[in-house]
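A short worksheet on the structure shown next.
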Amino acid sequence: MTRIIMHGCNGHMGQVISDIIAQDPDCVMAAGIDIHPDAAVNPYPVFTSLKECTEEADVVIDFSSASAVDTLLCDCLEKKLPLVLCTTGLSPEQLAKTEEASKEIPVLRSANMSLGVNTIMKLVAAAAEVLVNAGYDMEIVEKHHNKKLDAPSGTALALADAMNAVLNNEYTYKYDRSTERAKRPVKEIGISAVRGGNIVGEHEVFFCGTDEVVEIKHTAYSKAIFGKGAVQAAKFLAGQKAGYYNMSHVIG
């Protein structure tokens, strides 16, 4: 039985994950952490910080905000708790701290917890190896709801990184074409963000060649897919040795 602490338990994803864990016979919610502990009625104790938490647990799932990650890392290190880090929009400095923490505790970080997204990561990398050498241009368009704070999404950047990695990291990323009047460079990946309505998440990767376009697309219809992945990751990470993990370790 995996005992889980949910960091950001009263947020939307925190409540989704709470429901998933409640229906999973292999894990239990040991406690929740939230700066607004009374914002929801939960069947488990809720604390304002992990440091104050008195419940025993095997792993922490974080779906909160980038501003809370620094303190969370320190508290996980102090309590020697594995961490599934799902929050996006982290700064380069925070990413460096995350990697440093993984030398002492198990840390699993993924820009997207979905099984489908992690599968298309492999597909776009394979496509890039074949098509880019034949002169195809690469573009990514991502769409999310109007409350999402970061742009482009962490998933869009991860897709770009997956393609760039098989191309010797020679490609730069272009987020805005409105500031200059110039021909598109060859070694460039364009990334565009759309924000509107209640779009859960949509990512399209375009390989644009002469007289044909190849599209690889993933659409999320519910945030539950991310919650299910996070719970699977938590069950995997509990008991692992210190290290930096991602969803490819979970799905094999």
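In the structure tokens, the first chain shown is A, the next is B, and so on; residue numbers restart at 1 for each chain, and ligands run from 1 in the order shown.
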Skip Leu72 (chain A) itself and residues of its chain fewer than 5 positions away, then list as a PyMOL selection string all residues within 10 Å of it, counting only C-alpha atoms.
chain A and resi 7+49-51+60+62+67+77-78+83+85
Take the residues from that selection and put them in a file with N, CA, C and O atoms, as a PDB file, in the first residue's frame.
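Contents of part.pdb, as written:
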```pdb
ATOM      1  N   HIS A   7       0.470  17.464  -2.476  1.00  0.00           N
ATOM      2  CA  HIS A   7       0.857  18.866  -2.294  1.00  0.00           C
ATOM      3  C   HIS A   7       0.060  19.718  -3.278  1.00  0.00           C
ATOM      4  O   HIS A   7       0.217  19.589  -4.485  1.00  0.00           O
ATOM      5  N   SER A  49       1.876  23.172   5.212  1.00  0.00           N
ATOM      6  CA  SER A  49       3.195  22.918   4.621  1.00  0.00           C
ATOM      7  C   SER A  49       3.603  21.484   4.905  1.00  0.00           C
ATOM      8  O   SER A  49       3.130  20.869   5.881  1.00  0.00           O
ATOM      9  N   LEU A  50       4.473  20.953   4.077  1.00  0.00           N
ATOM     10  CA  LEU A  50       4.973  19.597   4.287  1.00  0.00           C
ATOM     11  C   LEU A  50       5.785  19.518   5.576  1.00  0.00           C
ATOM     12  O   LEU A  50       5.768  18.504   6.272  1.00  0.00           O
ATOM     13  N   LYS A  51       6.464  20.595   5.899  1.00  0.00           N
ATOM     14  CA  LYS A  51       7.267  20.619   7.122  1.00  0.00           C
ATOM     15  C   LYS A  51       6.406  20.397   8.354  1.00  0.00           C
ATOM     16  O   LYS A  51       6.834  19.759   9.326  1.00  0.00           O
ATOM     17  N   VAL A  60       5.451  11.988  -2.232  1.00  0.00           N
ATOM     18  CA  VAL A  60       4.683  13.223  -2.374  1.00  0.00           C
ATOM     19  C   VAL A  60       4.378  13.444  -3.853  1.00  0.00           C
ATOM     20  O   VAL A  60       5.255  13.279  -4.707  1.00  0.00           O
ATOM     21  N   ASP A  62       3.169  16.523  -6.306  1.00  0.00           N
ATOM     22  CA  ASP A  62       3.006  17.974  -6.328  1.00  0.00           C
ATOM     23  C   ASP A  62       2.274  18.425  -7.583  1.00  0.00           C
ATOM     24  O   ASP A  62       2.720  18.179  -8.699  1.00  0.00           O
ATOM     25  N   SER A  67       5.901  28.838  -7.631  1.00  0.00           N
ATOM     26  CA  SER A  67       6.380  29.618  -6.489  1.00  0.00           C
ATOM     27  C   SER A  67       6.510  28.773  -5.227  1.00  0.00           C
ATOM     28  O   SER A  67       7.208  29.156  -4.293  1.00  0.00           O
ATOM     29  N   LEU A  77      13.595  17.037   1.023  1.00  0.00           N
ATOM     30  CA  LEU A  77      14.962  16.647   1.367  1.00  0.00           C
ATOM     31  C   LEU A  77      15.094  16.408   2.866  1.00  0.00           C
ATOM     32  O   LEU A  77      15.727  15.434   3.299  1.00  0.00           O
ATOM     33  N   GLU A  78      14.481  17.279   3.652  1.00  0.00           N
ATOM     34  CA  GLU A  78      14.561  17.143   5.111  1.00  0.00           C
ATOM     35  C   GLU A  78      13.886  15.866   5.594  1.00  0.00           C
ATOM     36  O   GLU A  78      14.387  15.176   6.479  1.00  0.00           O
ATOM     37  N   LEU A  83       9.620  12.508  -4.522  1.00  0.00           N
ATOM     38  CA  LEU A  83       8.745  13.577  -5.013  1.00  0.00           C
ATOM     39  C   LEU A  83       8.392  13.375  -6.481  1.00  0.00           C
ATOM     40  O   LEU A  83       9.281  13.269  -7.332  1.00  0.00           O
ATOM     41  N   LEU A  85       7.011  15.472  -9.240  1.00  0.00           N
ATOM     42  CA  LEU A  85       6.882  16.910  -9.462  1.00  0.00           C
ATOM     43  C   LEU A  85       6.144  17.168 -10.776  1.00  0.00           C
ATOM     44  O   LEU A  85       6.709  17.030 -11.855  1.00  0.00           O
TER      45      LEU A  85
END
```
Give me, as a tab-separated table, the closest atom pair and its distance (Å, one decimal) for every residue of region 147-229 of chain A within a cut-off of 10 Å of region 122-135 of chain A, counting only C-alpha atoms, rows sorted by chain and rising number.
```
residue	atom	partner	partner_atom	distance
A:Leu159	CA	A:Val124	CA	7.3
A:Ala160	CA	A:Val124	CA	8.8
A:Asp161	CA	A:Ala125	CA	8.9
A:Ala162	CA	A:Ala125	CA	5.6
A:Met163	CA	A:Ala125	CA	4.5
A:Asn164	CA	A:Ala125	CA	7.9
A:Ala165	CA	A:Ala125	CA	7.9
A:Val166	CA	A:Glu129	CA	6.4
A:Leu167	CA	A:Glu129	CA	7.0
A:Val186	CA	A:Gly135	CA	8.3
A:Lys187	CA	A:Val132	CA	9.4
A:Val205	CA	A:Val124	CA	7.5
A:Phe206	CA	A:Val124	CA	9.3
A:Phe207	CA	A:Leu131	CA	7.3
A:Cys208	CA	A:Gly135	CA	8.5
A:Gly209	CA	A:Gly135	CA	6.5
A:Thr210	CA	A:Gly135	CA	8.2
A:Val214	CA	A:Ala127	CA	9.0
A:Glu215	CA	A:Val124	CA	9.5
A:Ile216	CA	A:Val124	CA	7.3
A:Lys217	CA	A:Val124	CA	9.8
```
Taking C-alpha atoms for each residue, export the selection above as a short mmCIF file (atom, residue, chain, number, x, y, z; two decimals), in the first residue's frame.
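Result went into part-v4.cif, see below:
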```
data_model
loop_
_atom_site.label_atom_id
_atom_site.label_comp_id
_atom_site.auth_asym_id
_atom_site.auth_seq_id
_atom_site.Cartn_x
_atom_site.Cartn_y
_atom_site.Cartn_z
CA LEU A 159 8.12 17.82 -27.58
CA ALA A 160 10.57 20.31 -29.07
CA ASP A 161 13.35 18.94 -26.86
CA ALA A 162 12.56 15.37 -27.93
CA MET A 163 12.95 16.34 -31.59
CA ASN A 164 15.99 18.51 -30.97
CA ALA A 165 17.75 15.75 -29.04
CA VAL A 166 17.86 13.46 -32.09
CA LEU A 167 19.11 16.39 -34.20
CA VAL A 186 16.26 26.11 -41.49
CA LYS A 187 17.36 25.03 -38.02
CA VAL A 205 3.38 18.83 -34.21
CA PHE A 206 3.71 19.69 -37.91
CA PHE A 207 6.42 18.44 -40.25
CA CYS A 208 6.02 20.67 -43.28
CA GLY A 209 7.66 19.58 -46.50
CA THR A 210 7.23 20.32 -50.19
CA VAL A 214 2.70 15.31 -41.60
CA GLU A 215 0.77 16.03 -38.38
CA ILE A 216 1.04 14.26 -35.02
CA LYS A 217 -1.59 15.34 -32.52
#
```
Å distance separating CA of Cys9 (chain A) from CA of Asp70 (chain A), one decimal place:
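Between these atoms lies a distance of 17.5 Å.
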Taking only region 34-172 of chain A into account, list the residues labelled alpha helix (DSSP H) by DSSP (computed from the backbone), as a PyMOL selection string.
chain A and resi 69-79+92-101+115-131+154-165
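One finds CA of Val28 (chain A) at 28.0 Å from CA of Gly201 (chain A).
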Using the chain letters and numbers from this document, which residues of region 115-252 of chain A does DSSP assign to strand (DSSP E or B), as a ChimeraX atom specification?
/A:137-144,172-174,188-195,201-209,212-220,243-245
For the selection you just gave me, I'd like the residues written to a file as a PDB file, in the first residue's frame, keeping C-alpha atoms.
```pdb
ATOM      1  CA  ASP A 137      10.259  22.270 -41.239  1.00  0.00           C
ATOM      2  CA  MET A 138       9.005  21.620 -37.690  1.00  0.00           C
ATOM      3  CA  GLU A 139       6.262  23.619 -35.979  1.00  0.00           C
ATOM      4  CA  ILE A 140       4.340  23.054 -32.736  1.00  0.00           C
ATOM      5  CA  VAL A 141       0.965  24.564 -31.839  1.00  0.00           C
ATOM      6  CA  GLU A 142      -0.346  24.065 -28.305  1.00  0.00           C
ATOM      7  CA  LYS A 143      -3.766  25.049 -26.948  1.00  0.00           C
ATOM      8  CA  HIS A 144      -4.882  25.401 -23.338  1.00  0.00           C
ATOM      9  CA  THR A 172      16.653  26.999 -31.820  1.00  0.00           C
ATOM     10  CA  TYR A 173      13.081  27.700 -30.669  1.00  0.00           C
ATOM     11  CA  LYS A 174      10.998  30.550 -32.096  1.00  0.00           C
ATOM     12  CA  GLU A 188      14.386  26.365 -36.102  1.00  0.00           C
ATOM     13  CA  ILE A 189      11.378  24.902 -34.320  1.00  0.00           C
ATOM     14  CA  GLY A 190       8.405  27.247 -34.149  1.00  0.00           C
ATOM     15  CA  ILE A 191       6.246  27.017 -31.011  1.00  0.00           C
ATOM     16  CA  SER A 192       2.895  28.819 -30.825  1.00  0.00           C
ATOM     17  CA  ALA A 193       0.491  29.055 -27.862  1.00  0.00           C
ATOM     18  CA  VAL A 194      -3.297  29.480 -27.897  1.00  0.00           C
ATOM     19  CA  ARG A 195      -5.187  30.349 -24.688  1.00  0.00           C
ATOM     20  CA  GLY A 201      -4.798  20.518 -23.575  1.00  0.00           C
ATOM     21  CA  GLU A 202      -4.040  20.019 -27.246  1.00  0.00           C
ATOM     22  CA  HIS A 203      -0.644  19.639 -28.902  1.00  0.00           C
ATOM     23  CA  GLU A 204      -0.018  19.429 -32.640  1.00  0.00           C
ATOM     24  CA  VAL A 205       3.381  18.835 -34.214  1.00  0.00           C
ATOM     25  CA  PHE A 206       3.713  19.687 -37.913  1.00  0.00           C
ATOM     26  CA  PHE A 207       6.419  18.436 -40.254  1.00  0.00           C
ATOM     27  CA  CYS A 208       6.016  20.671 -43.283  1.00  0.00           C
ATOM     28  CA  GLY A 209       7.658  19.580 -46.502  1.00  0.00           C
ATOM     29  CA  GLU A 212       2.901  17.464 -48.018  1.00  0.00           C
ATOM     30  CA  VAL A 213       2.469  17.979 -44.281  1.00  0.00           C
ATOM     31  CA  VAL A 214       2.695  15.312 -41.597  1.00  0.00           C
ATOM     32  CA  GLU A 215       0.767  16.030 -38.378  1.00  0.00           C
ATOM     33  CA  ILE A 216       1.043  14.261 -35.019  1.00  0.00           C
ATOM     34  CA  LYS A 217      -1.591  15.341 -32.520  1.00  0.00           C
ATOM     35  CA  HIS A 218      -2.642  14.656 -28.945  1.00  0.00           C
ATOM     36  CA  THR A 219      -5.874  15.926 -27.375  1.00  0.00           C
ATOM     37  CA  ALA A 220      -6.700  15.746 -23.677  1.00  0.00           C
ATOM     38  CA  GLY A 243      17.832   9.689  -8.878  1.00  0.00           C
ATOM     39  CA  TYR A 244      16.138  11.785 -11.542  1.00  0.00           C
ATOM     40  CA  TYR A 245      13.244   9.923 -13.153  1.00  0.00           C
TER      41      TYR A 245
END
```
Test item: residues at most 12 Å from Ile105 (chain A), only C-alpha atoms, excluding those fewer than 5 positions along its chain, as a PyMOL selection string
chain A and resi 58-60+73-84+98-100+237-245
So, with only C-alpha atoms as the atoms that count, which of A:Cys53, A:Ala156, A:Ala96, A:Ile35 lies closest to Val117 (chain A)?
A:Ala156
